[in-house]
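Below you'll find the structure, written out as structure tokens, and then a few comments.
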Amino acid sequence: MVNLSASARHRGRIGDIRFDRPLQRGQVSFIPHNHYIDLEFPSDFRSLMLFIPSVDLQRVIAELGVERLHPIISERNDRLSQLAAMVAAELRAPGFASDLMTDGLIRAIGAALVQRESTPHDHVGGRIHLSPVRLAKVMDYIESTLDREIHLTDLATIAGLSPFHFSRVFKLETGETPYHFVGMRRLERARLMLLSSDMPLAELALSCGFASQSHFTAAFSKAMGVSPGRYRRMRGR
């Protein structure tokens with residue numbers, strides 16, 4: 001939860017912790033799964049609340065060598081605040097690889113929560129590489145499944161790495177994050193199909209991995225600065 005309100009006070013209980021403290025805009029709170037909560041806020045309190053499935057968060061922190069996370073009660077943490085805002089923005093206006101983007105952001109939030117408590121000991125991180133053969137398999141999988149959701153865990157499994165390590169070595173090998181790489185491939189496929197076919201936009205959207213025509217139009221316009229229909233007309237289709 002990210003506080004969006006001006007200065008105020010709040011009080012209550014999270015787990016065994018009782019508190020009564022001031023609120024400042026931008027402060028972050030985190031409540032782990034299965035913690036008892038009893039909170040009291042001012043009537044005009046505004047916040048950005050992000051609910052992360054506990055199974056997803058537990059998987060991330062396990063990859064980083066941590067068994068559990070502790071609550072955060074109204075602390076200043078610009079990194080967590082920024083990541084939560086990015087998730088909200090992606091949900092409001094999905095991009096070309098929204099599934100990968102949100103997956104990556106959730107993992108970044110998990111990493112930030114772990115780093116707040118302690119520094120993860122990554123003894124093997126510097127020695128992990130993505131071989132050309134496995135990288136080629138990842139690329140082939142991406143190209144063959146652009147019309148479907150592509151999750152970070154799927155790509156990591158093909159690479160034989162944890163999602164945490166895969167994201168790092170994929171960027172080292174390609175210069176791009178998995179999210180941006182898949183997004184560019186979907187963008188290029190959509191662009192070529194707009195130029196080479198008269199396929200209805202709704203059908204084309206599904207062929208490029210978008211949930212709907214409106215999702216496709218919003219993402220294409222955001223990336224290209226022009227709507228798909230206008231792009232096609234400008235190119236003479």
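Scheme for the structure tokens: letters A, B, ... for chains in order shown; per-chain residue numbers from 1; ligand numbers from 1 in order shown.
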
Requested in this report: Within 8 Å of region 44-57 of chain A, counting only C-alpha atoms, which residues show up once you throw out same-chain ones fewer than 4 positions away? Write them as an MDAnalysis selection string, please.
Outcome: chainID A and resid 1:5 33 61 84:85 106:107 110

Query raised in the report: Contacts of Gly209 (chain A) at 12 Å or less, counting only C-alpha atoms, minus same-chain residues fewer than 5 places along, as number ranges by chain?
Result: A: 94-100, 142-150, 182-183, 185-187, 189-190, 202-204, 215-216, 219

Report task. Give the helix (DSSP H, G or I) residues of region 7-228 of chain A, as assigned by DSSP on the backbone, as a ChimeraX atom specification. Result -> /A:54-63,78-92,98-117,125-127,132-144,152-159,163-174,178-196,201-207,213-224,228

At a cut-off of 9 Å, using only C-alpha atoms, what residues contact Thr153 (chain A)? Leave out same-chain residues fewer than 3 positions from it and give the result as a PDB file with N, CA and C atoms, in the first residue's frame.
ATOM      1  N   ASP A 103       4.704  -9.561 -14.371  1.00  0.00           N
ATOM      2  CA  ASP A 103       5.464 -10.627 -13.716  1.00  0.00           C
ATOM      3  C   ASP A 103       6.809 -10.098 -13.244  1.00  0.00           C
ATOM      4  N   ILE A 150       2.940 -15.162 -22.512  1.00  0.00           N
ATOM      5  CA  ILE A 150       4.285 -15.676 -22.280  1.00  0.00           C
ATOM      6  C   ILE A 150       4.709 -15.223 -20.890  1.00  0.00           C
ATOM      7  N   ALA A 156      12.196 -19.056 -18.288  1.00  0.00           N
ATOM      8  CA  ALA A 156      13.256 -19.495 -17.384  1.00  0.00           C
ATOM      9  C   ALA A 156      13.384 -21.016 -17.380  1.00  0.00           C
ATOM     10  N   THR A 157      12.255 -21.702 -17.445  1.00  0.00           N
ATOM     11  CA  THR A 157      12.279 -23.167 -17.476  1.00  0.00           C
ATOM     12  C   THR A 157      13.001 -23.675 -18.715  1.00  0.00           C
ATOM     13  N   ILE A 158      12.728 -23.079 -19.859  1.00  0.00           N
ATOM     14  CA  ILE A 158      13.403 -23.470 -21.101  1.00  0.00           C
ATOM     15  C   ILE A 158      14.902 -23.214 -20.994  1.00  0.00           C
ATOM     16  N   SER A 162      16.507 -20.200 -12.766  1.00  0.00           N
ATOM     17  CA  SER A 162      15.432 -19.598 -11.992  1.00  0.00           C
ATOM     18  C   SER A 162      15.011 -18.308 -12.696  1.00  0.00           C
ATOM     19  N   PRO A 163      13.763 -17.876 -12.530  1.00  0.00           N
ATOM     20  CA  PRO A 163      13.330 -16.616 -13.152  1.00  0.00           C
ATOM     21  C   PRO A 163      14.216 -15.441 -12.768  1.00  0.00           C
TER      22      PRO A 163
END

Query raised in the report: Do you know which residues are at most 12 Å from Arg116 (chain A) counting only C-alpha atoms, after dropping those on the same chain fewer than 3 positions away, and could you put them as number ranges by chain?
Result: A: 30, 66, 69-72, 75-80, 109-113, 119-120

Grab the residues selected above and save them as a tab-separated table (two decimals), in the first residue's frame with C-alpha atoms.
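Output file result-v1.tsv follows:
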chain	number	residue	atom	x	y	z
A	30	PHE	CA	3.42	-4.10	3.43
A	66	VAL	CA	14.54	-15.95	2.22
A	69	LEU	CA	9.07	-11.30	5.11
A	70	HIS	CA	8.12	-8.98	7.94
A	71	PRO	CA	5.50	-6.21	7.85
A	72	ILE	CA	6.31	-2.65	6.85
A	75	GLU	CA	7.99	3.72	5.91
A	76	ARG	CA	9.61	5.79	3.20
A	77	ASN	CA	10.77	3.48	0.40
A	78	ASP	CA	10.97	5.19	-2.98
A	79	ARG	CA	11.82	1.97	-4.81
A	80	LEU	CA	8.73	0.09	-3.60
A	109	ILE	CA	8.87	-5.87	-5.59
A	110	GLY	CA	9.78	-9.17	-3.95
A	111	ALA	CA	13.48	-8.44	-4.42
A	112	ALA	CA	13.07	-4.95	-2.95
A	113	LEU	CA	11.29	-6.37	0.09
A	119	THR	CA	21.35	-8.43	1.41
A	120	PRO	CA	20.75	-11.66	-0.54

Query raised in the report: If you run DSSP on the backbone, which residues of region 18-200 of chain A are strand (DSSP E), as a ChimeraX atom specification?
Result: /A:18-23,27-30,37-40,47-48,72-76

Could you dump the residues just selected with N, CA and C atoms as a compact mmCIF listing (two decimals), in the first residue's frame?
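Writing the result to again-v9.txt gives the following:
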# COMPACT_ATOMS: atom_id res chain seq x y z
N ARG A 18 1.45 -3.22 17.49
CA ARG A 18 0.49 -2.13 17.64
C ARG A 18 1.22 -0.82 17.37
N PHE A 19 0.51 0.13 16.73
CA PHE A 19 1.19 1.37 16.36
C PHE A 19 0.20 2.53 16.34
N ASP A 20 0.75 3.71 16.47
CA ASP A 20 0.03 4.96 16.33
C ASP A 20 1.08 5.96 15.85
N ARG A 21 1.05 6.28 14.56
CA ARG A 21 2.14 7.06 13.99
C ARG A 21 1.64 7.98 12.88
N PRO A 22 2.44 8.96 12.51
CA PRO A 22 2.04 9.90 11.45
C PRO A 22 2.11 9.27 10.07
N LEU A 23 1.28 9.80 9.19
CA LEU A 23 1.27 9.40 7.78
C LEU A 23 1.83 10.53 6.93
N GLN A 27 4.63 7.23 1.69
CA GLN A 27 5.04 6.13 2.57
C GLN A 27 4.45 4.81 2.09
N VAL A 28 5.16 3.73 2.40
CA VAL A 28 4.77 2.39 1.94
C VAL A 28 4.50 1.49 3.14
N SER A 29 3.45 0.68 3.02
CA SER A 29 3.17 -0.36 4.01
C SER A 29 3.07 -1.71 3.30
N PHE A 30 3.49 -2.75 3.99
CA PHE A 30 3.42 -4.10 3.43
C PHE A 30 2.90 -5.05 4.50
N ILE A 37 -4.92 -7.99 10.84
CA ILE A 37 -4.84 -6.54 10.67
C ILE A 37 -6.08 -5.87 11.25
N ASP A 38 -5.87 -4.72 11.87
CA ASP A 38 -6.94 -3.89 12.39
C ASP A 38 -6.44 -2.45 12.29
N LEU A 39 -6.86 -1.75 11.23
CA LEU A 39 -6.29 -0.45 10.91
C LEU A 39 -7.36 0.64 10.96
N GLU A 40 -6.95 1.81 11.40
CA GLU A 40 -7.84 2.97 11.45
C GLU A 40 -7.17 4.14 10.75
N SER A 47 -5.10 5.91 -0.97
CA SER A 47 -3.91 5.08 -1.11
C SER A 47 -3.98 4.26 -2.39
N LEU A 48 -2.84 3.78 -2.81
CA LEU A 48 -2.74 2.80 -3.89
C LEU A 48 -2.48 1.46 -3.24
N ILE A 72 5.80 -4.02 6.93
CA ILE A 72 6.31 -2.65 6.85
C ILE A 72 5.15 -1.75 7.21
N ILE A 73 5.38 -0.83 8.11
CA ILE A 73 4.31 0.07 8.56
C ILE A 73 4.70 1.51 8.28
N SER A 74 4.18 2.05 7.21
CA SER A 74 4.32 3.47 6.86
C SER A 74 5.78 3.93 6.89
N GLU A 75 6.59 3.34 6.04
CA GLU A 75 7.99 3.72 5.91
C GLU A 75 8.23 4.36 4.55
N ARG A 76 9.23 5.19 4.47
CA ARG A 76 9.61 5.79 3.20
C ARG A 76 10.47 4.79 2.43

**Report entry** Nearest residue to Phe181 (chain A) from the set A:Ala89, A:Met234, A:Met101, A:Leu195 (distances using only C-alpha atoms)
**Finding:**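 Among the listed residues, A:Met101 lies closest to Phe181 (chain A).
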